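Data block for my_file-v1.cif (mmCIF, C-alpha atoms):
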data_entry
loop_
_atom_site.label_atom_id
_atom_site.label_comp_id
_atom_site.auth_asym_id
_atom_site.auth_seq_id
_atom_site.Cartn_x
_atom_site.Cartn_y
_atom_site.Cartn_z
CA MET A 1 63.54 -8.66 -68.54
CA LYS A 2 61.14 -6.02 -69.89
CA LYS A 3 59.71 -3.85 -67.11
CA PRO A 4 55.90 -4.37 -66.92
CA ILE A 5 53.97 -1.17 -67.47
CA LYS A 6 50.34 -2.08 -68.15
CA ASP A 7 47.81 -4.44 -66.48
CA MET A 8 48.23 -6.77 -69.45
CA ASP A 9 52.00 -6.92 -68.88
CA TYR A 10 51.47 -7.89 -65.23
CA VAL A 11 48.99 -10.61 -66.23
CA LYS A 12 51.57 -12.09 -68.61
CA LEU A 13 54.44 -11.78 -66.13
CA PHE A 14 52.43 -13.45 -63.33
CA ALA A 15 51.39 -16.32 -65.63
CA GLU A 16 54.98 -16.88 -66.77
CA LYS A 17 56.19 -17.04 -63.16
CA LEU A 18 53.28 -19.28 -62.14
CA LYS A 19 54.14 -21.72 -64.92
CA LYS A 20 57.52 -22.31 -63.27
CA ASP A 21 56.58 -21.88 -59.60
CA ASN A 22 53.26 -23.10 -58.21
CA SER A 23 53.82 -21.39 -54.83
CA LEU A 24 52.26 -18.28 -56.43
CA PHE A 25 48.88 -20.04 -56.36
CA LYS A 26 48.75 -19.22 -52.63
CA GLN A 27 48.34 -15.49 -53.42
CA GLN A 28 45.56 -16.27 -55.87
CA LYS A 29 43.73 -18.45 -53.30
CA MET A 30 43.83 -15.63 -50.75
CA LEU A 31 42.41 -13.12 -53.24
CA ILE A 32 39.56 -15.42 -54.35
CA GLU A 33 38.56 -16.45 -50.83
CA SER A 34 38.68 -12.97 -49.33
CA GLN A 35 36.30 -11.76 -52.06
CA LEU A 36 33.88 -14.63 -51.43
CA GLN A 37 33.89 -14.11 -47.67
CA ALA A 38 33.24 -10.37 -48.04
CA SER A 39 30.38 -11.00 -50.44
CA ARG A 40 28.81 -13.69 -48.22
CA SER A 41 28.87 -11.48 -45.17
CA LEU A 42 27.46 -8.45 -47.01
CA PHE A 43 24.48 -10.24 -48.53
CA ARG A 44 23.52 -12.17 -45.40
CA ASN A 45 23.40 -8.89 -43.53
CA MET A 46 21.31 -7.28 -46.28
CA PHE A 47 18.85 -10.09 -46.99
CA GLY A 48 18.49 -12.30 -43.88
CA THR A 49 18.14 -16.07 -44.30
CA GLY A 50 15.79 -18.73 -45.70
CA GLU A 51 12.68 -17.63 -47.64
CA GLU A 52 13.30 -14.02 -46.61
CA PHE A 53 16.76 -14.20 -48.18
CA LYS A 54 15.38 -15.51 -51.49
CA LYS A 55 12.62 -12.90 -51.60
CA ASN A 56 14.97 -10.00 -50.89
CA ALA A 57 17.75 -11.38 -53.07
CA ARG A 58 15.40 -11.71 -56.06
CA ILE A 59 14.30 -8.08 -55.70
CA TYR A 60 17.98 -7.05 -55.67
CA LEU A 61 18.94 -9.38 -58.54
CA ARG A 62 16.12 -8.00 -60.72
CA LYS A 63 17.37 -4.48 -60.06
CA VAL A 64 20.93 -5.33 -61.08
CA GLY A 65 19.77 -7.27 -64.15
CA LEU A 66 20.77 -10.78 -63.03
CA ILE A 67 17.13 -11.91 -63.18
CA LYS A 68 15.42 -10.90 -66.41
CA PRO A 69 12.07 -11.83 -67.92
CA VAL A 70 12.22 -14.79 -70.31
CA SER A 71 13.24 -13.50 -73.75
CA ARG A 72 11.57 -15.47 -76.55
CA MET B 1 60.26 -25.38 -57.11
CA GLU B 2 57.22 -27.19 -58.56
CA LYS B 3 55.72 -26.25 -61.94
CA GLY B 4 52.26 -24.70 -62.09
CA TYR B 5 50.89 -27.58 -64.16
CA THR B 6 51.80 -30.80 -65.91
CA ILE B 7 50.17 -32.88 -68.63
CA LYS B 8 49.40 -36.57 -68.20
CA ASN B 9 47.38 -38.63 -70.69
CA ASN B 10 46.12 -35.40 -72.30
CA VAL B 11 44.77 -34.17 -68.96
CA ILE B 12 46.04 -30.79 -67.69
CA ILE B 13 46.92 -31.24 -64.03
CA ILE B 14 47.05 -27.96 -62.09
CA SER B 15 49.44 -28.12 -59.12
CA ARG B 16 47.65 -26.22 -56.41
CA ASP B 17 45.35 -26.50 -53.40
CA PHE B 18 41.58 -26.16 -53.68
CA THR B 19 39.88 -22.82 -53.24
CA GLU B 20 36.34 -22.24 -52.01
CA LEU B 21 35.40 -21.57 -55.63
CA ASP B 22 36.60 -25.05 -56.62
CA PHE B 23 34.54 -26.66 -53.84
CA PHE B 24 31.48 -24.74 -55.01
CA LEU B 25 31.89 -25.97 -58.59
CA ARG B 26 32.76 -29.52 -57.50
CA ASP B 27 29.63 -29.80 -55.34
CA PHE B 28 27.44 -28.49 -58.15
CA LEU B 29 29.00 -30.74 -60.81
CA ASN B 30 28.66 -33.82 -58.60
CA ILE B 31 24.90 -33.34 -58.90
CA LEU B 32 24.70 -32.00 -62.45
CA LYS B 33 26.76 -34.89 -63.88
CA LYS B 34 24.12 -37.38 -62.72
CA HIS B 35 21.54 -35.64 -64.92
CA SER B 36 23.37 -33.94 -67.79
CA ASP B 37 26.59 -33.45 -69.70
CA TYR B 38 28.30 -30.06 -69.26
CA LEU B 39 31.28 -27.88 -70.17
CA VAL B 40 32.90 -25.31 -67.86
CA VAL B 41 33.67 -22.18 -69.93
CA SER B 42 34.78 -18.56 -69.69
CA GLY B 43 36.33 -16.87 -66.60
CA TYR B 44 36.72 -19.93 -64.40
CA VAL B 45 38.90 -21.59 -67.07
CA SER B 46 41.44 -18.80 -66.59
CA ILE B 47 40.97 -18.61 -62.82
CA CYS B 48 41.42 -22.34 -62.26
CA SER B 49 44.72 -22.08 -64.09
CA GLY B 50 45.96 -19.25 -61.90
CA ARG B 51 44.53 -15.98 -63.22
CA SER B 52 44.40 -13.69 -60.19
CA ARG B 53 41.10 -11.91 -60.39
CA ALA B 54 37.77 -11.83 -58.60
CA THR B 55 34.70 -13.49 -60.05
CA GLU B 56 31.09 -13.89 -59.07
CA ASP B 57 29.99 -16.61 -61.43
CA ILE B 58 31.04 -19.82 -63.12
CA ASP B 59 29.60 -20.44 -66.58
CA LEU B 60 28.55 -23.94 -67.62
CA LEU B 61 27.16 -25.02 -70.98
CA PHE B 62 24.55 -27.75 -70.86
CA PRO B 63 22.30 -29.27 -73.56
CA ILE B 64 18.63 -28.36 -73.31
CA PRO B 65 17.08 -31.15 -71.23
CA ARG B 66 13.55 -32.55 -71.19
CA LYS B 67 11.41 -30.86 -68.55
CA GLU B 68 11.07 -34.08 -66.51
CA SER B 69 14.84 -34.49 -66.44
CA PHE B 70 15.31 -30.87 -65.40
CA SER B 71 12.74 -31.31 -62.60
CA GLU B 72 14.83 -34.15 -61.18
CA LEU B 73 18.02 -32.08 -61.39
CA LEU B 74 16.32 -29.12 -59.71
CA LYS B 75 14.98 -31.32 -56.90
CA GLU B 76 18.39 -32.77 -56.17
CA LEU B 77 20.07 -29.35 -56.26
CA GLN B 78 17.50 -27.96 -53.82
CA GLU B 79 17.93 -30.97 -51.54
CA ASN B 80 21.65 -30.18 -51.48
CA ASN B 81 21.31 -26.51 -50.53
CA PHE B 82 21.33 -24.79 -53.89
CA TRP B 83 18.64 -22.28 -54.92
CA CYS B 84 17.76 -20.96 -58.36
CA TYR B 85 17.53 -17.21 -58.98
CA GLN B 86 14.73 -17.65 -61.55
CA GLY B 87 12.28 -19.63 -59.43
CA ASP B 88 11.55 -22.46 -57.03
CA ASN B 89 9.92 -24.98 -59.38
CA ALA B 90 10.35 -26.32 -62.91
CA ASP B 91 7.19 -24.56 -64.18
CA GLU B 92 8.76 -21.20 -63.34
CA ILE B 93 12.29 -22.01 -64.50
CA PHE B 94 11.92 -24.25 -67.55
CA PRO B 95 10.59 -21.49 -69.88
CA TYR B 96 13.99 -19.80 -69.50
CA ILE B 97 15.78 -22.96 -70.61
CA GLU B 98 13.54 -23.77 -73.56
CA ASN B 99 13.98 -20.18 -74.80
CA MET B 100 17.79 -20.52 -74.49
CA ASN B 101 18.03 -18.09 -71.57
CA SER B 102 20.57 -18.78 -68.83
CA ILE B 103 19.56 -19.68 -65.30
CA ARG B 104 21.64 -19.24 -62.14
CA PHE B 105 22.15 -21.25 -58.98
CA ALA B 106 23.83 -20.27 -55.70
CA ARG B 107 24.11 -21.91 -52.32
CA THR B 108 21.20 -21.38 -49.93
CA ASN B 109 21.40 -17.95 -48.26
CA GLU B 110 24.06 -16.78 -50.73
CA ASN B 111 23.99 -14.83 -53.99
CA PHE B 112 27.61 -15.27 -54.99
CA PRO B 113 29.34 -17.21 -56.26
CA ASN B 114 26.72 -18.53 -58.63
CA ILE B 115 26.64 -21.05 -61.45
CA GLU B 116 25.31 -19.67 -64.73
CA LEU B 117 23.83 -22.60 -66.65
CA VAL B 118 23.79 -21.72 -70.36
CA PRO B 119 21.48 -23.93 -72.43
CA ILE B 120 22.79 -24.91 -75.86
CA ASP B 121 21.77 -26.95 -78.89
CA GLU B 122 23.14 -27.51 -82.40
CA THR B 123 22.01 -24.04 -83.51
CA ARG B 124 24.67 -22.45 -81.29
CA LYS B 125 27.46 -23.67 -83.57
CA ALA B 126 30.56 -22.38 -81.76
CA LYS B 127 29.27 -23.33 -78.32
CA PHE B 128 28.14 -26.71 -79.57
CA PHE B 129 31.57 -27.32 -81.12
CA GLU B 130 33.48 -26.63 -77.90
CA PHE B 131 30.94 -28.70 -75.99
CA LYS B 132 31.70 -31.65 -78.27
CA HIS B 133 35.51 -31.20 -78.06
CA PRO B 134 36.28 -31.02 -74.34
CA GLN B 135 39.71 -30.79 -72.71
CA LYS B 136 40.05 -32.50 -69.34
CA ILE B 137 41.63 -30.56 -66.50
CA LYS B 138 42.31 -31.69 -62.94
CA ILE B 139 43.00 -30.11 -59.55
CA LYS B 140 43.99 -32.84 -57.08
CA ASP B 141 41.20 -35.47 -57.49
CA PHE B 142 38.70 -33.04 -59.06
CA GLU B 143 38.57 -33.57 -62.83
CA PHE B 144 36.25 -31.61 -65.09
CA LYS B 145 35.81 -30.57 -68.70
CA ILE B 146 36.73 -27.25 -70.30
CA PRO B 147 37.02 -26.16 -73.95
CA PRO B 148 40.26 -26.68 -75.87
CA ILE B 149 42.55 -23.90 -74.55
CA GLU B 150 43.08 -22.46 -78.06
CA PHE B 151 39.29 -22.25 -78.50
CA GLU B 152 38.84 -20.49 -75.15
CA ILE B 153 41.56 -17.95 -76.02
CA LEU B 154 40.06 -17.13 -79.42
CA TYR B 155 36.53 -16.92 -78.03
CA LYS B 156 37.68 -14.29 -75.56
CA GLU B 157 39.70 -12.40 -78.17
CA ILE B 158 37.11 -12.47 -80.97
CA ILE B 159 33.66 -12.66 -79.34
CA LEU B 160 33.88 -11.35 -75.76
CA THR B 161 36.66 -8.73 -76.20
CA GLY B 162 36.26 -6.90 -72.84
CA LYS B 163 39.38 -5.84 -70.92
CA LYS B 164 38.91 -8.69 -68.42
CA ASP B 165 38.44 -11.19 -71.28
CA LEU B 166 41.53 -10.03 -73.16
CA GLU B 167 43.56 -10.28 -69.95
CA ASP B 168 42.17 -13.80 -69.39
CA ALA B 169 43.22 -14.72 -72.94
CA ASN B 170 46.68 -13.27 -72.36
CA HIS B 171 47.00 -15.28 -69.15
CA LEU B 172 46.06 -18.49 -70.99
CA ARG B 173 48.48 -17.73 -73.84
CA ALA B 174 51.31 -17.18 -71.34
CA ILE B 175 50.75 -20.04 -68.91
CA PHE B 176 49.96 -22.64 -71.59
CA SER B 177 52.51 -21.37 -74.14
CA ASP B 178 54.29 -24.75 -74.13
CA ILE B 179 51.24 -26.74 -75.23
CA LEU B 180 49.30 -24.38 -77.52
CA LYS B 181 49.16 -25.51 -81.16
CA GLU B 182 49.04 -23.06 -84.06
CA GLU B 183 47.04 -25.50 -86.22
CA LYS B 184 44.33 -25.58 -83.55
CA PHE B 185 44.04 -21.77 -83.65
CA LYS B 186 43.65 -22.00 -87.44
CA GLU B 187 41.02 -24.73 -87.14
CA TYR B 188 38.95 -22.93 -84.50
CA GLU B 189 39.05 -19.33 -85.74
CA PRO B 190 36.49 -19.70 -88.59
CA ILE B 191 34.13 -21.61 -86.27
CA ILE B 192 34.26 -18.79 -83.73
CA ARG B 193 33.98 -16.03 -86.35
CA GLY B 194 30.85 -17.82 -87.60
CA GLU B 195 29.19 -16.93 -84.29
CA LEU B 196 29.55 -13.22 -85.13
CA LYS B 197 27.31 -13.81 -88.15
CA GLN B 198 24.56 -15.61 -86.18
#
Write-out of the structure in structure tokens:
Amino acid sequence: MKKPIKDMDYVKLFAEKLKKDNSLFKQQKMLIESQLQASRSLFRNMFGTGEEFKKNARIYLRKVGLIKPVSR
Amino acid sequence: MEKGYTIKNNVIIISRDFTELDFFLRDFLNILKKHSDYLVVSGYVSICSGRSRATEDIDLLFPIPRKESFSELLKELQENNFWCYQGDNADEIFPYIENMNSIRFARTNENFPNIELVPIDETRKAKFFEFKHPQKIKIKDFEFKIPPIEFEILYKEIILTGKKDLEDANHLRAIFSDILKEEKFKEYEPIIRGELKQ
């Protein structure tokens, strides 16, 4: 087997192994859920809850470009 | 050892447990489907089939609705603990949709993950084509619609072209190598290249 050397090679190798062995999905689940939990905790601490959360979140989301004015 | 996926009646069945990201999409689609058709596109297509990478959003295509219909969808989403980045009522949000701008929804008190709802109509030829030619995919009892895999690969390779997108395409080529059809790539490529000219 060719030794993987670039990110792209690892992506291909992982997919080929996953095709034959679904137990590798467990690693993927851990990665996805740890990211979501970290993000949830961070933003609740930054923005509070309820209407305060929405107000603060929208200020942040405008700054990072995720809320833009309507483009016509 | 169980395979990562199987095919039954043209449905791709992914052999894995749910993730929190799947539950998020499932809850959103359970509401959206009552009001609109949809297609799940882009990063989540690769992630649901095993691509190991982080993501903050799930992209959904949906046809531009009437304002009244959108108001009903918005009301039901809000009643079920989703909030919209762009506003709290249809008067604020609908101008985005009618001008073909995306809108985003997250769960109450959360920013991420979010659903990016991308409005489409016949003028968006490539997007409209994939919307009209869905592939069904299933995780346990959760079935939803994605583009044909060949279309998704080419879209990432020709239109999106970022490192993450090319890796997603490579993942899809590798994991679905047994079912990809060369004639489909040939059929879809000119449709996708047409988007570069728009």
Exercise. What's the 8 Å shell around A:Leu31, counting only C-alpha atoms, without same-chain residues fewer than 5 positions away, as a ChimeraX atom specification?
Worked result: /B:52-54
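Residues in contact range of stretch 5-20 of chain A, defined as at most 8 Å between only C-alpha atoms, with sequence neighbours fewer than 3 positions away removed, read Ser23, Leu24 and Phe25 of chain A; Met1, Glu2, Lys3, Gly4, Tyr5, Gly50, Arg51, Glu167, Asn170, His171, Leu172, Ala174, Ile175 and Phe176 of chain B.
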Exercise. Care to translate the PyMOL selection byres ((chain B and resi 132-149) around 7) into actual residues of this file, as a PyMOL selection string?
Worked result: chain B and resi 11-16+39-41+45+128-131+150-153
Write a file of the just-selected residues containing C-alpha atoms, as a PDB file, in the frame of the given file.
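Written out: part.pdb:
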ATOM      1  CA  VAL B  11      44.770 -34.170 -68.960  1.00  0.00           C
ATOM      2  CA  ILE B  12      46.040 -30.790 -67.690  1.00  0.00           C
ATOM      3  CA  ILE B  13      46.920 -31.240 -64.030  1.00  0.00           C
ATOM      4  CA  ILE B  14      47.050 -27.960 -62.090  1.00  0.00           C
ATOM      5  CA  SER B  15      49.440 -28.120 -59.120  1.00  0.00           C
ATOM      6  CA  ARG B  16      47.650 -26.220 -56.410  1.00  0.00           C
ATOM      7  CA  LEU B  39      31.280 -27.880 -70.170  1.00  0.00           C
ATOM      8  CA  VAL B  40      32.900 -25.310 -67.860  1.00  0.00           C
ATOM      9  CA  VAL B  41      33.670 -22.180 -69.930  1.00  0.00           C
ATOM     10  CA  VAL B  45      38.900 -21.590 -67.070  1.00  0.00           C
ATOM     11  CA  PHE B 128      28.140 -26.710 -79.570  1.00  0.00           C
ATOM     12  CA  PHE B 129      31.570 -27.320 -81.120  1.00  0.00           C
ATOM     13  CA  GLU B 130      33.480 -26.630 -77.900  1.00  0.00           C
ATOM     14  CA  PHE B 131      30.940 -28.700 -75.990  1.00  0.00           C
ATOM     15  CA  GLU B 150      43.080 -22.460 -78.060  1.00  0.00           C
ATOM     16  CA  PHE B 151      39.290 -22.250 -78.500  1.00  0.00           C
ATOM     17  CA  GLU B 152      38.840 -20.490 -75.150  1.00  0.00           C
ATOM     18  CA  ILE B 153      41.560 -17.950 -76.020  1.00  0.00           C
TER      19      ILE B 153
END
For this session: Identify, on the basis of all atoms listed in the file, every residue whose closest approach to stretch 43-52 of chain A does not exceed 8 Å; exclude the query and any residue fewer than 3 positions from it along the same chain; express the result as number ranges by chain.
Result: A: 39-40, 55-57; B: 108-111
For this session: Pull out every residue that the PyMOL selection byres ((chain B and resi 155-160) around 8) matches in the shown coordinates and put them as a list in words.
Result: Ser42, Phe151, Glu152, Ile153, Leu154, Thr161, Gly162, Asp165, Leu166, Asp168, Ala169, Ile192, Arg193, Glu195 and Leu196 of chain B
